[in-house]
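Have a look at final_33.cif below; it lists mmCIF, C-alpha atoms and all ligand atoms.
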data_input
#
loop_
_atom_site.label_atom_id
_atom_site.label_comp_id
_atom_site.auth_asym_id
_atom_site.auth_seq_id
_atom_site.Cartn_x
_atom_site.Cartn_y
_atom_site.Cartn_z
CA MET A 220 45.16 16.57 87.22
CA ILE A 221 45.96 13.56 89.43
CA ALA A 222 43.86 11.32 87.14
CA GLU A 223 45.86 12.57 84.12
CA THR A 224 49.18 11.85 85.85
CA VAL A 225 48.04 8.34 86.81
CA ALA A 226 46.90 7.73 83.22
CA ALA A 227 50.30 8.93 81.94
CA ILE A 228 52.11 6.58 84.35
CA ASP A 229 49.87 3.66 83.27
CA ALA A 230 50.52 4.42 79.61
CA ALA A 231 54.29 4.60 80.25
CA ALA A 232 54.12 1.18 81.93
CA LEU A 233 52.59 -0.28 78.79
CA VAL A 234 55.22 1.13 76.46
CA GLY A 235 58.09 -1.24 75.73
CA PRO A 236 61.78 -0.43 76.13
CA ARG A 237 63.54 2.01 73.81
CA PHE A 238 67.17 1.47 72.91
CA ALA A 239 69.38 4.30 71.64
CA ALA A 240 72.06 1.70 70.82
CA LEU A 241 71.94 -2.08 71.02
CA PRO A 242 74.08 -3.93 73.62
CA PRO A 243 77.31 -5.76 72.69
CA LEU A 244 76.64 -9.16 71.13
CA SER A 245 78.19 -12.55 72.01
CA LEU A 246 77.76 -15.98 70.45
CA TYR A 247 77.25 -19.16 72.49
CA VAL A 248 77.55 -22.58 70.82
CA HIS A 249 76.27 -25.60 72.75
CA ILE A 250 77.75 -29.08 72.28
CA PRO A 251 75.38 -31.43 74.13
CA TRP A 252 77.39 -34.64 74.67
CA CYS A 253 79.69 -35.87 77.44
CA LEU A 254 81.75 -39.01 78.03
CA ARG A 255 79.37 -39.74 80.86
CA LYS A 256 76.86 -37.83 82.90
CA CYS A 257 78.19 -36.49 86.21
CA PRO A 258 75.77 -37.17 89.08
CA TYR A 259 75.58 -33.49 90.12
CA CYS A 260 75.13 -31.93 86.68
CA ASP A 261 71.85 -30.48 85.39
CA PHE A 262 73.25 -28.95 82.22
CA ASN A 263 71.85 -30.08 78.87
CA SER A 264 74.42 -32.83 78.44
CA HIS A 265 73.89 -36.41 77.33
CA GLU A 266 76.14 -39.46 77.52
CA TRP A 267 76.95 -39.97 73.89
CA ARG A 268 77.28 -43.75 74.12
CA LYS A 269 73.77 -43.98 75.51
CA ALA A 270 72.53 -41.41 73.01
CA ALA A 271 74.23 -43.33 70.21
CA LEU A 272 72.52 -46.56 71.21
CA ALA A 273 69.15 -44.85 71.22
CA GLU A 274 69.72 -43.07 67.92
CA SER A 275 70.22 -45.39 65.01
CA THR A 276 71.71 -42.54 62.95
CA ALA A 277 74.69 -42.03 65.28
CA SER A 278 77.86 -44.06 65.28
CA GLN A 279 78.73 -45.73 68.56
CA ASP A 280 82.35 -44.65 68.45
CA ALA A 281 81.88 -40.89 68.44
CA PRO A 282 79.16 -38.28 68.64
CA PRO A 283 77.75 -37.29 65.22
CA GLU A 284 80.02 -34.28 64.94
CA ASP A 285 79.73 -33.76 61.17
CA ALA A 286 75.94 -33.73 61.22
CA TYR A 287 75.95 -31.52 64.30
CA VAL A 288 78.37 -28.96 62.84
CA ASP A 289 76.18 -28.87 59.69
CA ALA A 290 73.16 -28.20 61.93
CA LEU A 291 74.98 -25.42 63.82
CA ILE A 292 75.86 -23.74 60.54
CA ALA A 293 72.25 -24.00 59.32
CA ASP A 294 71.08 -22.70 62.72
CA VAL A 295 73.30 -19.60 62.62
CA GLU A 296 72.28 -18.90 59.02
CA ARG A 297 68.61 -18.84 59.97
CA ALA A 298 69.39 -16.54 62.90
CA LEU A 299 71.31 -13.97 60.83
CA PRO A 300 68.34 -11.62 60.17
CA SER A 301 67.87 -11.20 63.95
CA ILE A 302 71.43 -9.87 64.42
CA TRP A 303 71.96 -8.26 61.03
CA GLY A 304 74.93 -5.89 60.84
CA ARG A 305 75.98 -6.47 64.46
CA LYS A 306 79.56 -7.33 65.36
CA VAL A 307 80.24 -10.36 67.57
CA GLY A 308 82.70 -9.65 70.41
CA THR A 309 83.07 -13.11 72.00
CA VAL A 310 82.39 -16.75 71.17
CA PHE A 311 81.96 -19.48 73.80
CA ILE A 312 81.81 -23.14 72.74
CA GLY A 313 80.37 -24.80 75.84
CA GLY A 314 78.61 -27.94 76.90
CA GLY A 315 78.44 -30.68 77.62
CA THR A 316 81.96 -31.46 76.53
CA PRO A 317 83.04 -29.65 73.36
CA SER A 318 86.47 -31.33 73.63
CA LEU A 319 84.76 -34.57 72.55
CA PHE A 320 84.78 -33.00 69.08
CA SER A 321 87.85 -33.32 66.87
CA ALA A 322 89.99 -30.28 66.11
CA SER A 323 88.92 -30.50 62.46
CA ALA A 324 85.23 -30.26 63.45
CA ILE A 325 85.96 -27.17 65.57
CA GLU A 326 88.01 -25.72 62.72
CA ARG A 327 85.13 -26.25 60.27
CA LEU A 328 82.70 -24.69 62.74
CA LEU A 329 84.84 -21.59 63.40
CA SER A 330 85.58 -21.04 59.70
CA ALA A 331 81.86 -21.24 58.93
CA LEU A 332 81.04 -18.81 61.74
CA ARG A 333 83.72 -16.35 60.59
CA ALA A 334 82.36 -16.49 57.05
CA ARG A 335 78.86 -15.61 58.25
CA LEU A 336 79.36 -13.33 61.25
CA PRO A 337 81.50 -10.21 61.64
CA LEU A 338 83.72 -11.40 64.53
CA LEU A 339 85.73 -8.56 66.06
CA PRO A 340 89.43 -9.02 65.25
CA ASP A 341 90.34 -9.50 68.93
CA ALA A 342 87.30 -11.67 69.74
CA GLU A 343 87.76 -13.94 72.77
CA ILE A 344 87.01 -17.50 71.60
CA THR A 345 86.67 -19.96 74.49
CA LEU A 346 86.22 -23.73 74.32
CA GLU A 347 85.26 -25.89 77.30
CA ALA A 348 87.34 -29.03 77.72
CA ASN A 349 87.23 -32.02 80.02
CA PRO A 350 90.51 -33.65 81.14
CA GLY A 351 88.89 -37.03 80.39
CA THR A 352 89.10 -36.21 76.67
CA PHE A 353 92.58 -34.70 76.82
CA GLU A 354 95.04 -35.15 73.98
CA ARG A 355 97.81 -32.65 73.48
CA ALA A 356 97.51 -32.72 69.69
CA LYS A 357 93.81 -32.00 69.95
CA PHE A 358 94.41 -28.94 72.14
CA ALA A 359 97.03 -27.70 69.65
CA GLY A 360 94.46 -28.26 66.86
CA TYR A 361 91.84 -26.16 68.67
CA PHE A 362 94.38 -23.37 69.05
CA ALA A 363 95.29 -23.56 65.36
CA ALA A 364 91.55 -23.39 64.56
CA GLY A 365 91.32 -20.02 66.35
CA VAL A 366 90.31 -20.94 69.91
CA ASN A 367 92.29 -18.50 72.08
CA ARG A 368 91.00 -19.41 75.57
CA LEU A 369 90.51 -22.85 77.11
CA SER A 370 88.23 -23.54 80.06
CA LEU A 371 89.14 -26.83 81.70
CA GLY A 372 86.66 -28.65 83.96
CA VAL A 373 89.02 -29.95 86.64
CA GLN A 374 86.62 -29.86 89.64
CA SER A 375 89.32 -31.13 92.04
CA PHE A 376 92.96 -32.19 91.98
CA ASP A 377 92.26 -34.93 94.52
CA ASP A 378 91.39 -38.44 93.29
CA ARG A 379 89.13 -39.05 96.29
CA PHE A 380 86.85 -36.18 95.34
CA LEU A 381 87.01 -36.89 91.62
CA ARG A 382 85.75 -40.39 92.42
CA ALA A 383 83.03 -39.03 94.72
CA LEU A 384 81.94 -36.68 91.91
CA GLY A 385 81.80 -39.53 89.42
CA ARG A 386 84.27 -37.78 87.11
CA ALA A 387 85.61 -39.52 84.03
CA HIS A 388 89.23 -38.54 84.83
CA GLY A 389 91.76 -38.70 87.65
CA ALA A 390 93.98 -36.03 89.19
CA ASP A 391 96.99 -36.97 87.02
CA GLU A 392 94.99 -36.46 83.83
CA ALA A 393 93.73 -33.14 85.20
CA ARG A 394 97.33 -32.04 85.87
CA ARG A 395 98.57 -33.07 82.42
CA ALA A 396 95.62 -31.35 80.74
CA ALA A 397 96.17 -28.15 82.76
CA GLU A 398 99.91 -28.11 81.94
CA SER A 399 99.31 -28.55 78.22
CA ALA A 400 96.44 -26.05 78.16
CA LEU A 401 98.65 -23.41 79.76
CA MET A 402 101.52 -24.17 77.41
CA ILE A 403 99.35 -24.01 74.29
CA PHE A 404 96.77 -21.34 75.12
CA GLY A 405 98.23 -19.29 77.97
CA ASN A 406 94.75 -17.87 78.49
CA VAL A 407 93.20 -20.68 80.55
CA ASN A 408 90.42 -21.05 83.09
CA LEU A 409 90.28 -23.94 85.54
CA ASP A 410 86.82 -24.85 86.92
CA LEU A 411 86.87 -26.23 90.46
CA MET A 412 84.11 -26.89 92.95
CA PHE A 413 84.14 -26.72 96.74
CA ALA A 414 81.99 -28.08 99.59
CA LEU A 415 82.45 -31.53 98.07
CA PRO A 416 81.29 -34.77 99.73
CA ARG A 417 83.18 -35.18 103.05
CA GLN A 418 85.53 -32.30 102.15
CA THR A 419 87.30 -30.72 105.12
CA LEU A 420 88.74 -27.22 105.39
CA ASP A 421 92.25 -28.60 104.86
CA ASP A 422 91.16 -30.61 101.82
CA ALA A 423 89.70 -27.45 100.26
CA ARG A 424 92.82 -25.41 101.04
CA ARG A 425 94.97 -28.13 99.45
CA ASP A 426 92.78 -28.14 96.33
CA ALA A 427 92.98 -24.36 96.00
CA ALA A 428 96.77 -24.56 96.43
CA ALA A 429 96.98 -27.33 93.82
CA ALA A 430 95.11 -25.10 91.34
CA LEU A 431 97.28 -22.10 92.20
CA ALA A 432 100.44 -24.14 91.55
CA PHE A 433 99.57 -23.79 87.84
CA ALA A 434 99.12 -20.01 88.17
CA PRO A 435 96.23 -20.02 85.65
CA PRO A 436 95.06 -16.54 84.59
CA HIS A 437 91.47 -17.45 85.56
CA LEU A 438 89.89 -19.72 88.18
CA SER A 439 86.21 -20.46 88.67
CA PHE A 440 85.33 -21.88 92.08
CA TYR A 441 81.72 -23.10 92.31
CA HIS A 442 79.88 -24.12 95.45
CA LEU A 443 78.65 -27.66 94.66
CA THR A 444 74.85 -27.47 94.67
CA LEU A 445 72.29 -30.28 94.60
CA GLU A 446 70.28 -29.54 91.50
CA PRO A 447 66.82 -31.07 90.96
CA ASN A 448 66.77 -33.87 88.36
CA THR A 449 70.26 -35.09 89.20
CA LEU A 450 71.41 -38.31 90.81
CA PHE A 451 72.88 -36.35 93.75
CA HIS A 452 69.49 -34.77 94.36
CA ARG A 453 67.83 -38.18 94.56
CA HIS A 454 70.68 -39.73 96.60
CA PRO A 455 72.44 -36.86 98.38
CA PRO A 456 76.07 -37.51 99.29
CA PRO A 457 77.35 -36.45 102.74
CA LEU A 458 78.08 -32.77 102.06
CA PRO A 459 79.59 -30.30 104.56
CA ASP A 460 76.78 -28.51 106.44
CA GLY A 461 76.01 -24.80 105.91
CA GLU A 462 78.51 -23.54 108.47
CA ALA A 463 81.32 -25.84 107.33
CA ALA A 464 80.65 -24.91 103.69
CA ALA A 465 80.81 -21.19 104.57
CA ASP A 466 84.16 -21.76 106.34
CA ILE A 467 85.45 -23.63 103.29
CA GLU A 468 84.33 -20.81 101.00
CA ASP A 469 86.04 -18.20 103.20
CA ALA A 470 89.25 -20.24 103.19
CA VAL A 471 89.19 -20.65 99.40
CA LEU A 472 88.49 -16.94 98.85
CA GLU A 473 91.29 -15.96 101.22
CA THR A 474 93.77 -18.30 99.51
CA LEU A 475 92.94 -16.93 96.04
CA ALA A 476 92.98 -13.29 97.12
CA HIS A 477 96.34 -13.85 98.81
CA ALA A 478 97.68 -15.19 95.50
CA GLY A 479 96.64 -11.95 93.76
CA TYR A 480 93.43 -13.04 92.06
CA VAL A 481 90.62 -10.51 91.72
CA HIS A 482 87.30 -11.98 92.86
CA TYR A 483 85.27 -10.14 90.22
CA GLU A 484 82.07 -12.20 90.23
CA THR A 485 80.34 -14.62 92.64
CA SER A 486 82.35 -17.63 91.41
CA ALA A 487 85.01 -16.06 89.16
CA HIS A 488 88.59 -15.07 90.02
CA ALA A 489 91.11 -13.67 87.58
CA LYS A 490 94.51 -12.12 87.33
CA ARG A 491 94.20 -8.50 86.21
CA GLY A 492 93.15 -8.27 82.57
CA PHE A 493 91.94 -11.89 82.37
CA ALA A 494 88.26 -11.64 83.34
CA CYS A 495 86.15 -13.73 80.96
CA ALA A 496 84.83 -11.19 78.42
CA HIS A 497 82.05 -13.55 77.32
CA ASN A 498 80.64 -14.04 80.80
CA VAL A 499 81.13 -10.38 81.69
CA ASN A 500 78.89 -9.57 78.71
CA TYR A 501 76.18 -11.81 80.23
CA TRP A 502 76.55 -10.16 83.62
CA ARG A 503 76.39 -6.67 82.11
CA PHE A 504 73.12 -7.75 80.48
CA GLY A 505 74.60 -7.83 77.01
CA ASP A 506 73.03 -9.74 74.12
CA TYR A 507 73.85 -13.28 73.06
CA LEU A 508 72.80 -15.55 70.27
CA GLY A 509 72.89 -19.18 71.46
CA ILE A 510 72.98 -21.90 68.82
CA GLY A 511 72.92 -25.66 69.35
CA ALA A 512 70.68 -28.02 71.33
CA GLY A 513 68.93 -26.28 74.23
CA ALA A 514 70.89 -23.03 73.80
CA HIS A 515 69.35 -19.82 75.15
CA SER A 516 69.46 -16.44 73.40
CA LYS A 517 68.71 -12.89 74.48
CA ILE A 518 68.51 -10.45 71.61
CA SER A 519 67.56 -6.76 71.82
CA PHE A 520 65.80 -4.85 69.07
CA PRO A 521 65.18 -1.07 69.11
CA ASP A 522 61.79 -1.60 70.88
CA ARG A 523 61.93 -5.00 72.59
CA VAL A 524 64.07 -7.74 74.14
CA VAL A 525 63.49 -11.27 72.91
CA ARG A 526 64.43 -14.57 74.56
CA GLN A 527 64.68 -17.83 72.63
CA VAL A 528 65.33 -21.47 73.54
CA ARG A 529 66.34 -24.10 70.99
CA TRP A 530 65.17 -27.73 71.05
CA LYS A 531 66.87 -29.48 73.91
CA GLN A 532 67.25 -33.13 72.87
CA PRO A 533 70.13 -33.47 70.40
CA LYS A 534 68.17 -35.83 68.16
CA GLN A 535 65.16 -33.53 68.04
CA TYR A 536 67.36 -30.46 67.54
CA LEU A 537 69.00 -32.09 64.51
CA ALA A 538 65.59 -33.00 63.07
CA GLU A 539 64.04 -29.57 63.72
CA VAL A 540 67.01 -27.70 62.25
CA ALA A 541 66.67 -29.86 59.14
CA ARG A 542 63.01 -28.71 58.98
CA GLY A 543 64.15 -25.11 59.36
CA ALA A 544 62.65 -24.71 62.86
CA PRO A 545 65.40 -24.72 65.53
CA LEU A 546 63.39 -22.69 68.09
CA GLN A 547 61.35 -24.47 70.73
CA GLU A 548 60.31 -21.24 72.38
CA GLU A 549 60.48 -17.50 71.75
CA HIS A 550 58.98 -14.61 73.69
CA VAL A 551 59.31 -10.90 74.20
CA VAL A 552 60.52 -10.11 77.73
CA ALA A 553 57.79 -8.20 79.54
CA ARG A 554 58.74 -4.63 80.44
CA ARG A 555 58.08 -5.33 84.14
CA ASP A 556 60.61 -8.21 84.12
CA LEU A 557 63.53 -6.25 82.66
CA PRO A 558 64.72 -4.51 85.87
CA PHE A 559 64.87 -7.85 87.76
CA GLU A 560 66.62 -9.63 84.89
CA PHE A 561 69.17 -6.82 84.69
CA MET A 562 69.85 -6.86 88.44
CA LEU A 563 69.99 -10.66 88.59
CA ASN A 564 73.08 -10.44 86.39
CA ALA A 565 74.68 -7.08 87.20
CA LEU A 566 74.69 -7.57 90.98
CA ARG A 567 76.79 -10.74 90.64
CA LEU A 568 79.70 -8.48 89.70
CA THR A 569 81.76 -7.51 92.74
CA ASP A 570 82.16 -3.94 91.46
CA GLY A 571 78.60 -3.78 90.19
CA VAL A 572 77.96 -1.58 87.16
CA PRO A 573 77.64 2.15 86.42
CA ALA A 574 74.06 3.29 87.11
CA SER A 575 73.81 4.48 83.48
CA LEU A 576 74.10 0.87 82.28
CA PHE A 577 70.58 0.17 83.55
CA ALA A 578 68.96 2.42 80.91
CA GLU A 579 71.44 1.36 78.23
CA ARG A 580 70.70 -2.35 78.66
CA THR A 581 67.02 -2.42 79.66
CA GLY A 582 65.86 0.49 77.48
CA LEU A 583 64.00 1.81 80.54
CA PRO A 584 64.71 4.85 82.74
CA LEU A 585 66.51 4.12 86.02
CA SER A 586 63.49 5.63 87.80
CA THR A 587 61.65 2.33 87.07
CA ALA A 588 63.86 0.71 89.71
CA ALA A 589 64.07 3.69 92.10
CA ALA A 590 61.94 2.13 94.87
CA PRO A 591 63.82 -1.21 95.18
CA ILE A 592 67.18 0.60 94.84
CA ALA A 593 66.21 2.86 97.76
CA GLU A 594 65.05 -0.14 99.79
CA ALA A 595 68.24 -2.13 99.05
CA THR A 596 70.36 0.87 100.06
CA ARG A 597 68.34 1.35 103.25
CA ARG A 598 68.94 -2.31 104.16
CA GLY A 599 72.69 -1.92 103.56
CA LEU A 600 72.71 -4.34 100.60
CA LEU A 601 73.58 -1.74 97.94
CA GLU A 602 76.24 1.00 98.17
CA PRO A 603 74.66 4.45 98.55
CA ASP A 604 76.21 5.77 95.31
CA PRO A 605 73.93 7.48 92.77
CA ALA A 606 76.51 6.86 90.00
CA GLY A 607 76.79 3.12 90.56
CA LEU A 608 74.86 -0.07 91.30
CA LYS A 609 77.25 -1.97 93.52
CA PRO A 610 76.45 -4.62 96.13
CA THR A 611 77.90 -4.04 99.60
CA PRO A 612 79.78 -6.97 101.23
CA LEU A 613 76.45 -7.73 103.00
CA GLY A 614 74.65 -7.60 99.64
CA ARG A 615 77.14 -10.07 98.19
CA ARG A 616 76.64 -12.45 101.09
CA PHE A 617 72.85 -12.24 100.79
CA LEU A 618 72.76 -11.87 97.02
CA ASN A 619 69.43 -13.71 96.60
CA ASP A 620 67.74 -11.31 99.05
CA LEU A 621 69.21 -8.33 97.23
CA GLN A 622 68.19 -9.59 93.79
CA SER A 623 64.68 -10.53 94.87
CA LEU A 624 63.96 -6.92 95.90
CA PHE A 625 63.79 -6.24 92.16
CA LEU A 626 61.19 -8.92 91.42
CA PRO A 627 58.22 -7.42 89.56
C1 LIG B 1 78.76 -26.64 81.91
S1 LIG B 1 79.97 -27.32 82.94
C2 LIG B 1 81.04 -27.75 81.61
C3 LIG B 1 82.42 -28.21 81.98
C4 LIG B 1 82.85 -29.56 81.46
N1 LIG B 1 81.82 -30.26 80.82
C5 LIG B 1 83.34 -30.42 82.60
O1 LIG B 1 82.56 -30.67 83.51
O2 LIG B 1 84.48 -30.82 82.55
C6 LIG B 1 80.73 -25.90 83.69
C7 LIG B 1 81.08 -26.02 85.14
O3 LIG B 1 79.93 -25.92 85.94
C8 LIG B 1 80.25 -26.45 87.23
N2 LIG B 1 79.09 -27.20 87.73
C9 LIG B 1 78.37 -28.12 87.08
N3 LIG B 1 77.39 -28.60 87.88
C10 LIG B 1 77.51 -27.96 89.09
C11 LIG B 1 76.80 -28.02 90.33
N4 LIG B 1 75.78 -28.85 90.53
N5 LIG B 1 77.22 -27.20 91.34
C12 LIG B 1 78.24 -26.36 91.15
N6 LIG B 1 78.93 -26.26 90.01
C13 LIG B 1 78.58 -27.06 88.97
C14 LIG B 1 81.47 -27.34 87.05
O4 LIG B 1 82.57 -26.78 87.73
C15 LIG B 1 81.71 -27.32 85.55
O5 LIG B 1 83.06 -27.37 85.21
S1 LIG B 2 81.30 -33.38 82.01
FE1 LIG B 2 80.57 -31.29 82.55
S2 LIG B 2 78.71 -30.93 81.33
FE2 LIG B 2 79.21 -33.13 81.21
S3 LIG B 2 77.94 -34.08 82.76
FE3 LIG B 2 79.92 -33.63 83.72
S4 LIG B 2 79.71 -31.54 84.60
FE4 LIG B 2 78.00 -31.86 83.19
#

As a first step, turn the structure in this file into structure tokens.
Ligand SMILES: C[S@@+](CC[C@H](N)C(=O)[O-])C[C@H]1O[C@@H](n2cnc3c(N)ncnc32)[C@H](O)[C@@H]1O
Ligand code: SF4
Amino acid sequence: MIAETVAAIDAAALVGPRFAALPPLSLYVHIPWCLRKCPYCDFNSHEWRKAALAESTASQDAPPEDAYVDALIADVERALPSIWGRKVGTVFIGGGTPSLFSASAIERLLSALRARLPLLPDAEITLEANPGTFERAKFAGYFAAGVNRLSLGVQSFDDRFLRALGRAHGADEARRAAESALMIFGNVNLDLMFALPRQTLDDARRDAAAALAFAPPHLSFYHLTLEPNTLFHRHPPPLPDGEAAADIEDAVLETLAHAGYVHYETSAHAKRGFACAHNVNYWRFGDYLGIGAGAHSKISFPDRVVRQVRWKQPKQYLAEVARGAPLQEEHVVARRDLPFEFMLNALRLTDGVPASLFAERTGLPLSTAAAPIAEATRRGLLEPDPAGLKPTPLGRRFLNDLQSLFLP
């Protein structure tokens, strides 16, 4: 009897997930060029002047936007069978610096996407912009093309820190870009970072206040981290130590909460009704098709979850798309990895998720994660609520510890 039960459990562990309905689907479009590479950034972004010099095909005056938009269209066409019949709820054009592209290139891209994908009528369409590329007419052109949310990479409103971060713009440009973005789009996110080189508590409070002066519907505040393979990692600047950084974070969080922003995810703050639908879909372990150089995808099928990565180097991506082979890597996510991958995302949300979402998005019964859930609850990292998966304040503070309890 015991042997039979063990055999049944082993067999169940071998069976893949089973989905009654597939998760909501988003589209991510990666634009891989920037004016210049910031010393702290490990995203797949390349200085286009340097890239242009190395690639005889590219003009030196601008990134090869026509060829790249053609490649994106070919890329999405090849991907259509994997998402056949599914509606797309959000689009995020990120980078790199998508605002390096002209409004007409973005218009051509969005028209081509609409012609090939069933975008929901109220789809959130975000574009990431850098104040260093700001032109009012360009922003108005993006809006006319159908972009309805702008995410502006401000980082700081203080010239001293913008210089220390090697940014391609000053505080005045950031202010003008933020003003225009709010006027044109209304639905705007400002990205800022804290714990910057030599930043004091007062500096950070001033920066948060400067951002709040614009009353943007959404603010992302990231803790500056030293990522491997960046200039800052090789030559670290004088950053506030752990305790000072924690004080800065507390001060920033208090300032934003006082101004009425809901801190709904580790780094995201929004006025009610303005959470980023695209990112929330990631955090609720939704599906996404990522097109463009180095873009990642996660796509569910009735019996499996697949991850894909596209070729990372823009030049190689363009060449491989032309050959009809945009994927550098594709694999089925192992059943044992799904609970961890789900929790890695869902537990970033301040309110967590309903417990039923686990089965909906992993295709596995919640009992697969019963042991780590019990352990996390026992340690006071997860709220003791059978209907929800919600980190406690302690769980939020020690999020890595909480997430790693779900490692296979
Ligand atoms: C993919 S970047 C794109 C934004 C845009 N290219 C820009 O920088 O203006 C998105 C955001 O990630 C944040 N970020 C990038 N590198 C970071 C790091 N090392 N630590 C913390 N946040 C970082 C920045 O706030 C940035 O605006
Ligand atoms: S502009 Fe943005 S994406 Fe580009 S290098 Fe700087 S932080 Fe990275």

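With only C-alpha atoms taken into account, every residue lying no more than 6 Å from the file point (73.3, -33.1, 88.7) is included here: Pro258, Tyr259, Cys260, Asp261, Glu446, Thr449 and Leu450 of chain A.
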
message: Need to verify the contact set: A:Leu409, 12 Å, all atoms listed in the file, exclusion of same-chain residues closer than 3 positions in sequence. Can you return it as a ChimeraX atom specification?
response: /A:346-350,368-376,393-394,396-398,400-401,405-406,412,426-427,429-441,486-489,495

message: Using only C-alpha atoms and all ligand atoms for the distances, tell me which of A:Leu443, A:Ile325, A:Ala496, A:Leu608 is nearest to ligand LIG 2 (chain B).
response: A:Leu443

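Closest approach to A:Gln535 from the set A:Met562, A:Ala342, A:Leu241, A:Ala290 is made by A:Ala290, with distances taken over all atoms listed in the file.
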
Residues near A:Gly614, cut-off 10 Å, all atoms listed in the file, skip fewer than 6 positions along chain, as a PDB file with C-alpha atoms, in the coordinates of the input:
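Saved to result.pdb:
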ATOM      1  CA  LEU A 566      74.690  -7.570  90.980  1.00  0.00           C
ATOM      2  CA  ARG A 567      76.790 -10.740  90.640  1.00  0.00           C
ATOM      3  CA  THR A 569      81.760  -7.510  92.740  1.00  0.00           C
ATOM      4  CA  ALA A 595      68.240  -2.130  99.050  1.00  0.00           C
ATOM      5  CA  THR A 596      70.360   0.870 100.060  1.00  0.00           C
ATOM      6  CA  ARG A 598      68.940  -2.310 104.160  1.00  0.00           C
ATOM      7  CA  GLY A 599      72.690  -1.920 103.560  1.00  0.00           C
ATOM      8  CA  LEU A 600      72.710  -4.340 100.600  1.00  0.00           C
ATOM      9  CA  LEU A 601      73.580  -1.740  97.940  1.00  0.00           C
ATOM     10  CA  GLU A 602      76.240   1.000  98.170  1.00  0.00           C
ATOM     11  CA  ASP A 620      67.740 -11.310  99.050  1.00  0.00           C
ATOM     12  CA  LEU A 621      69.210  -8.330  97.230  1.00  0.00           C
ATOM     13  CA  GLN A 622      68.190  -9.590  93.790  1.00  0.00           C
TER      14      GLN A 622
END

task: Choose the residue, out of A:Asp556, A:Asp460, A:Asp410, A:Glu284, that has the smallest atom-to-atom separation from ligand LIG 2 (chain B); count only C-alpha atoms and all ligand atoms.
output: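 Of all the options, A:Asp410 lies closest to ligand LIG 2 (chain B).
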
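Among the candidates A:Ala428, A:Ala494, A:Met402, A:Val499, the residue lying nearest to A:Ala470 is A:Ala428 (atoms considered: all atoms listed in the file).
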
Taking all atoms of ligand LIG 1 (chain B) that the file lists, what box with edges along x, y and z, padded by 3 Å per side, do you get, with centre and edge lengths in Å to one decimal, as lines of an AutoDock Vina configuration file?
center_x = 80.1
center_y = -28.4
center_z = 86.1
size_x = 14.7
size_y = 10.9
size_z = 16.5

Because the input lacks atoms here, generate N, CA, C and O atoms for stretch 349-357 of chain A and report them as a PDB file, keeping the file's coordinate frame.
ATOM      1  N   ASN A 349      87.274 -31.131  78.869  1.00  0.00           N
ATOM      2  CA  ASN A 349      87.230 -32.020  80.020  1.00  0.00           C
ATOM      3  C   ASN A 349      88.521 -32.833  80.012  1.00  0.00           C
ATOM      4  O   ASN A 349      88.887 -33.376  78.954  1.00  0.00           O
ATOM      5  N   PRO A 350      89.234 -32.921  81.138  1.00  0.00           N
ATOM      6  CA  PRO A 350      90.510 -33.650  81.140  1.00  0.00           C
ATOM      7  C   PRO A 350      90.353 -35.115  80.698  1.00  0.00           C
ATOM      8  O   PRO A 350      91.302 -35.726  80.225  1.00  0.00           O
ATOM      9  N   GLY A 351      89.133 -35.653  80.818  1.00  0.00           N
ATOM     10  CA  GLY A 351      88.890 -37.030  80.390  1.00  0.00           C
ATOM     11  C   GLY A 351      88.997 -37.216  78.885  1.00  0.00           C
ATOM     12  O   GLY A 351      89.061 -38.333  78.396  1.00  0.00           O
ATOM     13  N   THR A 352      88.992 -36.118  78.132  1.00  0.00           N
ATOM     14  CA  THR A 352      89.100 -36.210  76.670  1.00  0.00           C
ATOM     15  C   THR A 352      90.418 -35.622  76.195  1.00  0.00           C
ATOM     16  O   THR A 352      90.579 -35.282  75.036  1.00  0.00           O
ATOM     17  N   PHE A 353      91.363 -35.462  77.139  1.00  0.00           N
ATOM     18  CA  PHE A 353      92.580 -34.700  76.820  1.00  0.00           C
ATOM     19  C   PHE A 353      93.527 -35.436  75.878  1.00  0.00           C
ATOM     20  O   PHE A 353      93.862 -36.593  76.084  1.00  0.00           O
ATOM     21  N   GLU A 354      93.906 -34.735  74.830  1.00  0.00           N
ATOM     22  CA  GLU A 354      95.040 -35.150  73.980  1.00  0.00           C
ATOM     23  C   GLU A 354      95.743 -33.860  73.606  1.00  0.00           C
ATOM     24  O   GLU A 354      95.103 -32.917  73.158  1.00  0.00           O
ATOM     25  N   ARG A 355      97.051 -33.858  73.752  1.00  0.00           N
ATOM     26  CA  ARG A 355      97.810 -32.650  73.480  1.00  0.00           C
ATOM     27  C   ARG A 355      97.601 -32.156  72.049  1.00  0.00           C
ATOM     28  O   ARG A 355      97.392 -30.965  71.799  1.00  0.00           O
ATOM     29  N   ALA A 356      97.635 -33.105  71.098  1.00  0.00           N
ATOM     30  CA  ALA A 356      97.510 -32.720  69.690  1.00  0.00           C
ATOM     31  C   ALA A 356      96.152 -32.069  69.420  1.00  0.00           C
ATOM     32  O   ALA A 356      96.042 -31.152  68.611  1.00  0.00           O
ATOM     33  N   LYS A 357      95.149 -32.556  70.132  1.00  0.00           N
ATOM     34  CA  LYS A 357      93.810 -32.000  69.950  1.00  0.00           C
ATOM     35  C   LYS A 357      93.768 -30.547  70.435  1.00  0.00           C
ATOM     36  O   LYS A 357      93.240 -29.663  69.771  1.00  0.00           O
TER      37      LYS A 357
END
